[in-house]
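Peer 1: Before I ask anything, here is the structure I am working with.
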Protein chains: 2
Amino acid sequence: MHRERGIYLFGGGHADGDGGQKALLGGKGAGLAEMSRMGLPVPPGFTIPTTVSVQVTGQAELPTALCAEIERGVAHVEAHMGRGFGDPSSPLLLSVRSGARQSMPGMMDTILNVGLSEQTLEGLARRTGEERFAWDAYRRLLQMFGNVVLGVDHFYFEEELHEARQSEAAKADNDLSLLALRGLAERFRALIEQRTGTPFPDDPRAQLYASIAAVFRSWHNDRARAYRELNGIPHHWGTACNVQAMVFGNLGETSATGVFFTRNPSTGERVLYGEYLPNAQGEDVVAGIRTPLPLCGDDSDSLEATMPPAFTSLRDMAARLESHFGDMQDVEFTIEEGQVFLLQSRAGKRTAHAALRIAVEMAEEGAISREAAVLLVHPQQLDALLHPQLDDEAPRTLLARGLPASPGAATGRLAFTAAEAVARAEAGEDVILVRTETTPDDIRGMNAARAIVTARGGMTSHAAVVARQMGRCCVVGCSALSLDVRGRTLTVGEVVLGPADTVTVDGTRGELLLGEVPKVPPRLTEHYGTLMAWADVHRTIRVRANADTGGDASLARRLGAEGIGLARTEHMFFAEDRIQRMREMILAPNADARRAALQALLPEQREDFKALLRAMDGLPVTIRLLDPPLHEFLPKAKEDITALADQMGLSEAAVLRLVERLHESNPMLGHRGCRLGITAPEIYEMQCQAIAEATLEVEAEGVDAHVEIMVPLIAEARELERLRARASACLAPYLPALRRPLLIGTMIELPRACMTADAIAAHADFFSFGTNDLTQTVYGISRDDAALFLPHYLAEDILPVDPFMVLDRDGVGSLIQEAVRRGRSRRPDLKIGICGEHGGEPASVAWLQRGLVDYVSCSPYRVPIARLAAAQAALRDQQRDTHSLTSD
Amino acid sequence: MHRERGIYLFGGGHADGDGGQKALLGGKGAGLAEMSRMGLPVPPGFTIPTTVSVQVTGQAELPTALCAEIERGVAHVEAHMGRGFGDPSSPLLLSVRSGARQSMPGMMDTILNVGLSEQTLEGLARRTGEERFAWDAYRRLLQMFGNVVLGVDHFYFEEELHEARQSEAAKADNDLSLLALRGLAERFRALIEQRTGTPFPDDPRAQLYASIAAVFRSWHNDRARAYRELNGIPHHWGTACNVQAMVFGNLGETSATGVFFTRNPSTGERVLYGEYLPNAQGEDVVAGIRTPLPLCGDDSDSLEATMPPAFTSLRDMAARLESHFGDMQDVEFTIEEGQVFLLQSRAGKRTAHAALRIAVEMAEEGAISREAAVLLVHPQQLDALLHPQLDDEAPRTLLARGLPASPGAATGRLAFTAAEAVARAEAGEDVILVRTETTPDDIRGMNAARAIVTARGGMTSHAAVVARQMGRCCVVGCSALSLDVRGRTLTVGEVVLGPADTVTVDGTRGELLLGEVPKVPPRLTEHYGTLMAWADVHRTIRVRANADTGGDASLARRLGAEGIGLARTEHMFFAEDRIQRMREMILAPNADARRAALQALLPEQREDFKALLRAMDGLPVTIRLLDPPLHEFLPKAKEDITALADQMGLSEAAVLRLVERLHESNPMLGHRGCRLGITAPEIYEMQCQAIAEATLEVEAEGVDAHVEIMVPLIAEARELERLRARASACLAPYLPALRRPLLIGTMIELPRACMTADAIAAHADFFSFGTNDLTQTVYGISRDDAALFLPHYLAEDILPVDPFMVLDRDGVGSLIQEAVRRGRSRRPDLKIGICGEHGGEPASVAWLQRGLVDYVSCSPYRVPIARLAAAQAALRDQQRDTHSLTSD
């Protein structure tokens with residue numbers, strides 16, 4: 001255990017911190033500490049930890065205790081560098097940089113050359129032998145400090161630079177003469193005094209303290225906040241601040257600065273992949289004014305060719321870093337007069353393909369274990385492999401931005417209603433369905449469309465959930481869209497599009513683009529297969545898929561699903577040829593008429609089940625009995641009501657009255673799920689009959705069917721007791737002929753079911769947590785309506801993440817634990833799963849697999865993600881157990 | 001502790017059971033056992049306990065073990081009576097009666113004279129010296145057994161009786177000759193054999209077993225089921241069966257049968273109050289063919305005058321029974337040839353006024369303690385005292401029956417919209433508002449109406465809750481009503497009524513009546529005051545009221561409220577002059593415009609609060625910040641939208657779009673409560689300002705204001721943290737001038753709040769459970785939509801009671817316990833209350849007061865009920881503690 005310190009020193013082969021302390025020291029600070037410990041050449045410095053960030057927020061001055069610590073840090077750097085901070089003869093210069101737990105590139109502030117003033121300038125010039133260099137460093141400090149610390153707008157400095165360049169006919173700032181730089185420094189100082197009312201501080205300590213405060217302040221700037229919200233980084237983490245001795249890559253031709261990856265981040269190939277600029281500072285690489293040169297290769301200007309000793313040294317360090325961190329590294333370096341310094345090393349960002357290749361190859365090289373390889377790939381990355389993607393190189397014209405609800409890419413013409421989408425798709429057209437929001441009525445249209453775009457809704461809106469389930473690319477919540485369904489136009493600002501216009505949807509980024517954008521197809525490489533096989537060895541829970549059709553089920557199985565955890569029987573009734581019968585059933589005047597209408601649906605329902613059972617031969621298939629409120633199946637449009645009235649031989653008014661009678665204020669909390677099963681027993685009877693007949697028929701074909709019948713929305717044990725008795729009575733005639741018993745279990749998706757799970761378990765062969773509805777009822781939030789306030793909650797850090805995306809452990813999770821405890825107390829062999837959206841979300845899977853569930857179930861395309869996430873979580877738990885064992 | 005037995009013997013001064021075993025022996029059986037123990041003259045017999053009822057349900061034959069027990073019982077009766085069951089010379093006859101835990105008068109079956117047959121008839125005639133009596137007893141057995149046990153329709157027996165009476169020109173069955181009775185017995189036997197295919201069993205044991213089975217079966221008959229559902233008696237209780245020696249009140253002029261109350265059940269006066277029939281059986285009293293005679297008094301035909309020794313004996317027994325049971329008794333007796341037998345004694349039903357008088361007077365007489373007196377009055381009975389009631393004697397023409405949502409009675413003419421109700425009420429008319437269902441828009445109309453009737457909705461629908469709150473009489477769920485709002489007609493079957501028609505609403509019974517029915521005013525007697533004062537001594541929790549206006553608050557205080565537990569600020573905004581400003585606020589384009597609209601509402605809001613604080617001088621007032629979704633305030637009718645558009649200078653389309661944007665799929669789970677406070681801070685800011693100003697102003701008047709600000713719908717501690725910080729900032733300027741701190745707390749009404757109550761408690765001075773919303777989210781049931789299935793659930797015994805009426809301990813209760821535990825673990829001094837509908841329901845109050853809450857809050861008219869219920873529960877707990885202490 002580390003004692004918490006005010007600051008963490010590093011440099012000279014030692015460090016207070018280490019690479020494991022990212023939460024405390026930030027990514028950069030932890031990397032610097034670790035490299036120091038490895039004996040790598042890191043300019044000495046110290047890190048002010050993230051805990052201070054929170055503490056100093058909103059304070060006018062840094063606390064006295066912290067200042068004392070900073071002084072200790074400065075003394076440490078002075079000692080290692082043999083220079084003095086503010087010493088006119090041999091001045092030490094410092095960099096002050098932010099560094100959060102998770103990289104936020106370019107979002108926060110940096111101040112370089114701190115400690116430089118009219119007093120120390122001469123000393124620097126003398127030491128480096130470069131007067132021009134010293135003045136250039138000084139004007140850079142004035143500019144950065146003026147802008148970042150003192151808040152003088154960038155524009156004023158640029159203005160002066162522009163004038164200076166013009167007067168010397170200089171192309172770039174680097175071409176400015178010593179004279180011009182001296183003049184600029186003068187004008188920058190005047191500018192600062194004029195705009196802020198106080199002169200630029202010559203005192204190095206005043207510079208340092210103000211710079212540190214500014215870095216901490218920059219955590220709260222708008223850019224940084226926006227970035228965090230987009231990337232799910234909590235606002236309360238705060239940033240660390242790294243203060244480090246300056247080294248210079250711009251001290252002549254033996255100096256340089258650059259970056260490299262230890263492997264190719266795009267393909268994963270094992271080559272040193274980087275670039276550098278001779279005689280330049282790091283910010284020059286970023287600014288992109290000069291074209292960087294390649295690190296390796298035979299080209300005459302490669303680093304390998306121009307500075308062989310430095311290159312060799314870097315190559316050795318790269319190998320050491322990769323093997324030390326057990327991962328491909330992204331490294332920043334500076335060469336000051338032939339001497340190599342490492343400024344940063346961190347795990348390199350990479351494409352999904354590269355991630356798989358690097359992990360597999362590093363394991364095969366023996367650099368890491370297979371377990372470590374499995375842990376190297378972020379499960380969410382697999383998503384990109386499974387859907388066609390837009391070509392990143394292709395130009396794109398953005399129409400509107402929304403939420404990336406379902407990844408992939410698609411191009412087509414606009415369709416404004418589900419019916420239109422179906423008709424035009426059947427005629428062979430590629431269509432993109434655009435809707436204000438979707439309803440279950442739109443399912444066929446969504447299925448017919450290449451992609452779905454909605455103006456409203458969040459990541460778990462109907463459109464988003466169904467699209468992910470279908471593997472359709474989808475963007476939701478494009479609030480800039482304005483739709484006129486009758487006029488068949490889509491308006492964004494000045495642009496008005498109609499049914500003949502082509503758009504492209506980027507579901508991965510959440511963008512609606514004008515026209516066609518070229519795509520690249522998905523490919524599952526051999527590395528994917530290898531890594532998933534290694535992962536599966538360690539996984540301790542099963543992964544099933546939510547699938548409603550034979551097609552979905554087959555796809556899921558190809559993606560590694562070990563059964564179906566949720567087959568939603570209601571989706572089967574929305575097909576055009578079935579929904580009319582369904583409507584007759586719902587509006588039937590009595591149980592007999594209802595039974596007759598249901599019998600007409602039975603053969604098709606039975607075929608649905610047969611397709612599922614065939615696709616999942618040998619694996620369990622959980623079929624959920626009808627769940628949604630009946631009015632979801634009823635027509636809303638006038639012409640549909642007329643048609644239904646005709647068909648049923650009723651007046652329009654009569655049909656309208658019937659429809660009206662089923663209207664609900666809060667359908668989510670209404671007459672649905674098992675409540676339908678209780679009040680209209682004929683529905684579940686038909687479904688049980690169809691299930692039993694389907695099982696019998698596929699068994700005759702040689703299929704090994706494992707059927708689990710699932711009752712939704714149980715709130716009270718007696719509901720399940722009754723429904724189980726009725727279902728058993730329906731199934732009884734078939735049982736003797738069946739090879740296996742049909743299991744009967746229940747969804748646990750209401751808080752009351754969790755709190756009374758022991759009583760419920762007495763009647764259940766299995767539990768399956770419906771975490772979507774459970775999250776809705778536990779929070780009292782309708783996910784369809786959450787768009788009005790949930791984004792605000794995330795932006796304000798009231799909720800760290802969207803609980804419909806990542807399972808809420810404190811509330812929903814506590815109830816799940818309660819339910820598991822109670823359920824197993826009554827029935828130790830109870831099979832427990834989860835089939836909500838969280839079943840495919842890595843963090844949720846990681847938590848759930850820790851003794852709570854036997855399986856998770858998710859949409860087919862998320863199956864590989866769940867597999868990898870579950871394996872990683874099991875590995876991490878195992879490592880933690882081993883660790884706590886050895887440290888006992 | 002009693003060992004459970006197969007049967008429980010009684011008689012001859014002993015009994016296996018006792019009066020405390022009502023759950024096991026039923027009311028009747030427990031009473032008989034207790035009377036036996038007291039040495040009172042009870043015909044010997046035995047009770048088959050309720051546990052057997054459940055066990056034998058659906059079985060074809062009684063279990064062998066039970067039959068052996070029955071034989072033991074019969075032997076016991078034989079021994080005490082000195083006769084033999086089936087003994088031709090001295091036959092013992094038995095009665096077989098049902099007897100549930102709670103009285104269900106006339107709902108289940110009874111068979112008398114069991115053991116009589118052609119073989120034993122002569123013996124009975126010989127013993128009693130009455131041959132006609134014996135044959136009459138026999139034909140009664142044939143008729144009862146044939147109908148009840150063998151299921152031969154009553155009609156056939158009546159037919160034969162009719163013919164027999166005609167042929168002898170007899171007025172009543174009692175006038176039939178011996179010959180006629182012999183003939184009837186013959187024909188009844190033939191009838192039974194003909195209709196059932198088997199002869200009437202002459203074997204006494206066959207008669208006995210079949211009768212016992214029939215009594216158990218009768219628990220399940222439709223009548224009994226319906227009665228239980230109406231009276232909240234669980235179906236699983238089952239009935240006991242009492243087998244007892246027959247005694248006869250029809251053996252001549254020294255025999256009689258009758259009933260009496262030990263005090264007047266209508267007024268409570270201390271007089272023996274009863275009637276009797278000489279020479280008659282109990283069923284003759286019930287049949288009402290002969291007019292019974294008074295028990296007491298100087299009339300020549302009173303029992304007191306005609307059989308002085310029997311009367312004296314009964315009067316002594318009455319005194320002993322009342323003093324023994326500590327309550328007014330309802331006693332059945334039979335005098336057989338001068339010898340008095342008691343057949344039943346139970347607590348007598350009484351009016352609310354009588355209940356109070358009896359309790360107080362018995363305590364004052366020293367017959368019972370004051371504590372016992374407090375326990376004698378059922379809290380729910382008080383309800384009847386607090387509302388005007390219809391005169392029970394007056395004739396009534398029933399139009400439709402619904403649910404008795406809010407008690408009382410009112411007469412007026414029909415109004416079909418809230419606006420109409422307001423207008424006509426202002427013109428001095430008494431109106432009854434009839435609606436399909438009500439919405440918050442109807443509030444003013446509901447307030448203006450004398451009563452509210454809805455075609456839809458349950459006991460906790462909007463109409464029901466608001467009406468109870470207002471003390472308005474209300475009947476909901478009158479499903480027979482059909483409303484045409486445009487045509488202003490109400491149709492029930494053939495009857496069509498319009499705005500000129502007068503109706504009367506009986507909120508106590510749940511009836512809509514045609515025309516005017518005379519009423520009797522409510523009166524609170526001295527006995528009420530005395531009893532409530534005795535009750536308050538023992539109560540350990542506080543009782544507050546839910547009240548939104550000064551008027552409600554004053555009423556509540558008169559009824560004993562010790563503060564306001566819930567003041568709903570939104571009700572204040574529905575007034576016509578305020579709702580327009582509210583709408584402008586909601587549709588304001590930005591925070592500034594919203595703030596301006598709110599500032600216009602502030603003065604009136606402040607006055608609202610002042611009225612509440614004045615009425616509750618010295619007592620706590622909990623003000624809940626705005627809770628409902630904003631769209632509840634928006635217009636739906638076209639003309640209102642036009643008006644709003646005009647007023648705001650917008651197009652109708654623009655207003656419609658704004659209204660549409662706020663529409664929600666599940667408003668109950670939507671953008672409401674503290675979510676509004678988070679996203680539109682100006683609203684709560686205005687409310688906090690109004691609260692602070694109101695407090696300051698009433699303090700200047702000398703009022704002692706105890707203000708508690710309550711934040712609704714917290715799901716996450718950070719919500720409360722933010723809102724508390726904002727509220728504190730708003731209040732800060734006022735605090736120095738205020739006499740007391742303003743407390744800030746929260747509603748606990750979501751499952752997540754319960755599971756994270758420890759974190760929430762860190763920011764809360766108090767918790768108040770909102771059990772309405774908590775029940776909705778825990779069950780996942782919208783109370784507005786529950787009418788489609790909840791009645792079915794109650795009828796089917798899936799739920800024993802409506803969880804919106806009686807707090808569900810298993811689910812909602814477990815979460816409340818969890819929240820209390822967590823809350824107090826963080827903050828031991830946390831003040832905890834409840835302000836849902838359950839705060840005025842006796843069973844819920846009894847449970848909650850056991851260490852869970854410091855106070856309950858309910859609508860003003862329920863305050864006395866809650867006070868008494870809380871006192872009784874505390875007393876019972878105290879008695880239980882004493883008991884367990886002494887038995888340790």
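Residue names in the structure tokens use chain letters A, B, ... in the order shown, residue numbers from 1 in each chain, and ligand numbers from 1 in the order shown.
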Taking only C-alpha atoms into account, find every residue of chain A that has an atom no more than 7 Å from chain B, and write it out as number ranges by chain.
Peer 2: A: 664-671, 675, 679, 715, 718-719, 750-752, 755-756, 777-782, 784-786, 788-789, 792, 798, 810-811, 814
Peer 1: Neighbours of region 498-501 of chain B within 12 Å (only C-alpha atoms; same-chain residues fewer than 3 positions away dropped), as a PyMOL selection string?
Peer 2: chain B and resi 411-417+420-421+424+429-434+483-492+495+504+513-516
Peer 1: Now that the selection is made, can you save its residues with N, CA and C atoms as a tab-separated table (two decimals), in the first residue's frame?
Peer 2:
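As written to disk, part35.tsv reads:
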chain	number	residue	atom	x	y	z
B	411	THR	N	-76.66	15.77	-2.85
B	411	THR	CA	-77.70	15.81	-3.88
B	411	THR	C	-77.46	17.03	-4.75
B	412	GLY	N	-77.72	16.90	-6.04
B	412	GLY	CA	-77.57	18.05	-6.92
B	412	GLY	C	-77.93	17.67	-8.34
B	413	ARG	N	-77.76	18.66	-9.25
B	413	ARG	CA	-78.05	18.40	-10.66
B	413	ARG	C	-76.77	18.05	-11.39
B	414	LEU	N	-76.94	17.36	-12.50
B	414	LEU	CA	-75.78	16.84	-13.21
B	414	LEU	C	-75.01	17.93	-13.93
B	415	ALA	N	-73.68	17.93	-13.77
B	415	ALA	CA	-72.80	18.79	-14.56
B	415	ALA	C	-71.81	17.88	-15.27
B	416	PHE	N	-71.53	18.21	-16.54
B	416	PHE	CA	-70.78	17.27	-17.36
B	416	PHE	C	-69.32	17.66	-17.59
B	417	THR	N	-68.99	18.93	-17.29
B	417	THR	CA	-67.59	19.34	-17.37
B	417	THR	C	-67.26	20.15	-16.13
B	420	GLU	N	-68.48	23.72	-16.44
B	420	GLU	CA	-69.91	23.81	-16.21
B	420	GLU	C	-70.19	23.75	-14.70
B	421	ALA	N	-69.52	22.85	-14.02
B	421	ALA	CA	-69.73	22.70	-12.59
B	421	ALA	C	-69.38	23.99	-11.87
B	424	ARG	N	-72.03	26.83	-12.77
B	424	ARG	CA	-73.35	26.66	-12.16
B	424	ARG	C	-73.27	26.72	-10.64
B	429	GLU	N	-76.06	26.97	-7.69
B	429	GLU	CA	-76.70	25.67	-7.89
B	429	GLU	C	-75.87	24.58	-7.21
B	430	ASP	N	-76.54	23.55	-6.69
B	430	ASP	CA	-75.83	22.37	-6.21
B	430	ASP	C	-75.65	21.44	-7.40
B	431	VAL	N	-74.38	21.13	-7.75
B	431	VAL	CA	-74.16	20.25	-8.91
B	431	VAL	C	-73.38	19.01	-8.51
B	432	ILE	N	-73.64	17.96	-9.26
B	432	ILE	CA	-72.90	16.71	-9.12
B	432	ILE	C	-72.10	16.57	-10.42
B	433	LEU	N	-70.78	16.52	-10.29
B	433	LEU	CA	-69.93	16.41	-11.48
B	433	LEU	C	-69.82	14.94	-11.90
B	434	VAL	N	-70.24	14.66	-13.12
B	434	VAL	CA	-70.08	13.29	-13.64
B	434	VAL	C	-69.08	13.32	-14.78
B	483	LEU	N	-71.58	8.29	-20.84
B	483	LEU	CA	-71.65	9.75	-20.86
B	483	LEU	C	-71.49	10.30	-22.26
B	484	ASP	N	-72.33	11.26	-22.58
B	484	ASP	CA	-72.15	12.02	-23.82
B	484	ASP	C	-71.93	13.46	-23.39
B	485	VAL	N	-70.67	13.85	-23.34
B	485	VAL	CA	-70.34	15.16	-22.79
B	485	VAL	C	-70.88	16.27	-23.68
B	486	ARG	N	-70.73	16.09	-25.00
B	486	ARG	CA	-71.20	17.12	-25.92
B	486	ARG	C	-72.73	17.25	-25.80
B	487	GLY	N	-73.41	16.11	-25.84
B	487	GLY	CA	-74.87	16.12	-25.77
B	487	GLY	C	-75.39	16.35	-24.36
B	488	ARG	N	-74.46	16.37	-23.39
B	488	ARG	CA	-74.83	16.56	-21.98
B	488	ARG	C	-75.91	15.58	-21.53
B	489	THR	N	-75.63	14.30	-21.78
B	489	THR	CA	-76.54	13.27	-21.25
B	489	THR	C	-75.74	12.17	-20.55
B	490	LEU	N	-76.41	11.58	-19.57
B	490	LEU	CA	-75.88	10.43	-18.86
B	490	LEU	C	-76.91	9.32	-19.07
B	491	THR	N	-76.45	8.17	-19.56
B	491	THR	CA	-77.37	7.08	-19.83
B	491	THR	C	-77.02	5.88	-18.96
B	492	VAL	N	-78.06	5.33	-18.32
B	492	VAL	CA	-77.90	4.06	-17.59
B	492	VAL	C	-79.03	3.16	-18.06
B	495	VAL	N	-82.53	4.61	-18.85
B	495	VAL	CA	-82.69	5.95	-18.28
B	495	VAL	C	-81.70	6.93	-18.89
B	504	THR	N	-78.77	11.82	-6.34
B	504	THR	CA	-78.15	11.80	-5.01
B	504	THR	C	-77.01	10.78	-5.05
B	513	LEU	N	-78.05	7.55	-7.02
B	513	LEU	CA	-79.49	7.37	-6.82
B	513	LEU	C	-80.26	8.44	-7.59
B	514	LEU	N	-81.46	8.11	-7.99
B	514	LEU	CA	-82.28	9.05	-8.74
B	514	LEU	C	-82.97	9.98	-7.75
B	515	GLY	N	-83.02	11.27	-8.08
B	515	GLY	CA	-83.77	12.24	-7.27
B	515	GLY	C	-83.07	12.57	-5.97
B	516	GLU	N	-83.83	13.23	-5.08
B	516	GLU	CA	-83.26	13.63	-3.80
B	516	GLU	C	-83.61	12.60	-2.73
Peer 1: What does the distance from CA of Arg862 (chain B) to CA of Thr351 (chain B) come to in Å, to one decimal?
Peer 2: 18.1 Å
Peer 1: Run DSSP on the backbone and tell me which residues of region 503-727 of chain A come out as alpha helix (DSSP H); list them as JSON, numbers by chain.
Peer 2: {"A": [526, 527, 528, 529, 530, 531, 532, 533, 534, 535, 536, 537, 538, 550, 551, 552, 553, 554, 555, 556, 557, 558, 576, 577, 578, 579, 580, 581, 582, 583, 584, 585, 586, 591, 592, 593, 594, 595, 596, 597, 598, 599, 600, 601, 602, 603, 604, 605, 606, 607, 608, 609, 610, 611, 612, 613, 614, 615, 638, 639, 640, 641, 642, 643, 644, 645, 646, 647, 648, 652, 653, 654, 655, 656, 657, 658, 659, 660, 661, 674, 675, 676, 677, 678, 679, 681, 682, 683, 684, 685, 686, 687, 688, 689, 690, 691, 692, 693, 694, 695, 696, 697, 698, 699, 700, 717, 718, 719, 720, 721, 722, 723, 724, 725, 726, 727]}
Peer 1: Just asking: which residues within region 216-302 of chain B are strand (DSSP E or B) according to DSSP, as a PyMOL selection string?
Peer 2: chain B and resi 239-245+256-261+273-278+293-294
Peer 1: Kindly give the distance, in Å, that separates CA of Leu390 (chain B) and CA of Val520 (chain B), rounded to a single decimal.
Peer 2: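 Those two atoms sit 5.9 Å apart.
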Peer 1: Excluding Phe145 (chain A) and residues on its chain fewer than 4 positions from it, collect all residues at most 10 Å away from it, counting only C-alpha atoms, and give them as a PyMOL selection string.
Peer 2: chain A and resi 110-114+139-141+149-152+192+200-201+207+210-211+214
Peer 1: Any idea what the distance is between CA of Pro864 (chain A) and CA of Arg228 (chain A)?
Peer 2: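 Going from CA of Pro864 (chain A) over to CA of Arg228 (chain A) covers 26.9 Å.
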Peer 1: Near Tyr156 (chain A), within 9 Å and counting only C-alpha atoms, which residues show up once chain neighbours fewer than 5 positions away are dropped, as a list in words?
Peer 2: Leu161, Phe188 and Leu191 of chain A
Peer 1: Could you save those same residues with N, CA, C and O atoms as a PDB file, in the first residue's frame?
Peer 2:
ATOM      1  N   LEU A 161       2.272  38.259 -34.255  1.00  0.00           N
ATOM      2  CA  LEU A 161       3.128  37.336 -34.999  1.00  0.00           C
ATOM      3  C   LEU A 161       3.000  37.583 -36.494  1.00  0.00           C
ATOM      4  O   LEU A 161       3.990  37.612 -37.230  1.00  0.00           O
ATOM      5  N   PHE A 188       4.561  41.378 -26.742  1.00  0.00           N
ATOM      6  CA  PHE A 188       3.720  40.425 -25.997  1.00  0.00           C
ATOM      7  C   PHE A 188       3.568  40.879 -24.537  1.00  0.00           C
ATOM      8  O   PHE A 188       2.485  40.818 -23.952  1.00  0.00           O
ATOM      9  N   LEU A 191       1.284  43.773 -24.478  1.00  0.00           N
ATOM     10  CA  LEU A 191      -0.068  43.275 -24.753  1.00  0.00           C
ATOM     11  C   LEU A 191      -0.693  42.692 -23.472  1.00  0.00           C
ATOM     12  O   LEU A 191      -1.845  42.987 -23.125  1.00  0.00           O
TER      13      LEU A 191
END
Peer 1: Quick one: residues within 7 Å of Leu124 (chain B), only C-alpha atoms, excluding same-chain residues fewer than 6 positions away - as a list of chain:residue names?
Peer 2: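 With the cut-off at 7 Å, the set is B:Ser90, B:Pro91, B:Ala134.
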Peer 1: Give me, as a PyMOL selection string, all polymer residues having an atom no more than 8 Å from region 32-46 of chain B, counting only C-alpha atoms and skipping those fewer than 4 positions away in the same chain.
Peer 2: chain B and resi 7-19+28+73-74+76-77+80-81+242-247+317+340-345
Peer 1: Residues within 9 Å of Ile709 (chain B), please, as a ChimeraX atom specification. Count only C-alpha atoms; anything in the same chain fewer than 5 positions from it doesn't count.
Peer 2: /B:621-625,688,691,742-746
Peer 1: Select, from A:Arg450, A:Arg401, A:Arg315, A:His236, the residue with the minimum atom-to-atom distance to Val271 (chain A), counting only C-alpha atoms.
Peer 2: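 Distance minimum relative to Val271 (chain A) lands on A:Arg315.
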Peer 1: For Ser859 (chain B), which residue among B:Gln687, B:Ser406, B:Gln194, B:Asn447 is the nearest when counting only C-alpha atoms?
Peer 2: B:Ser406
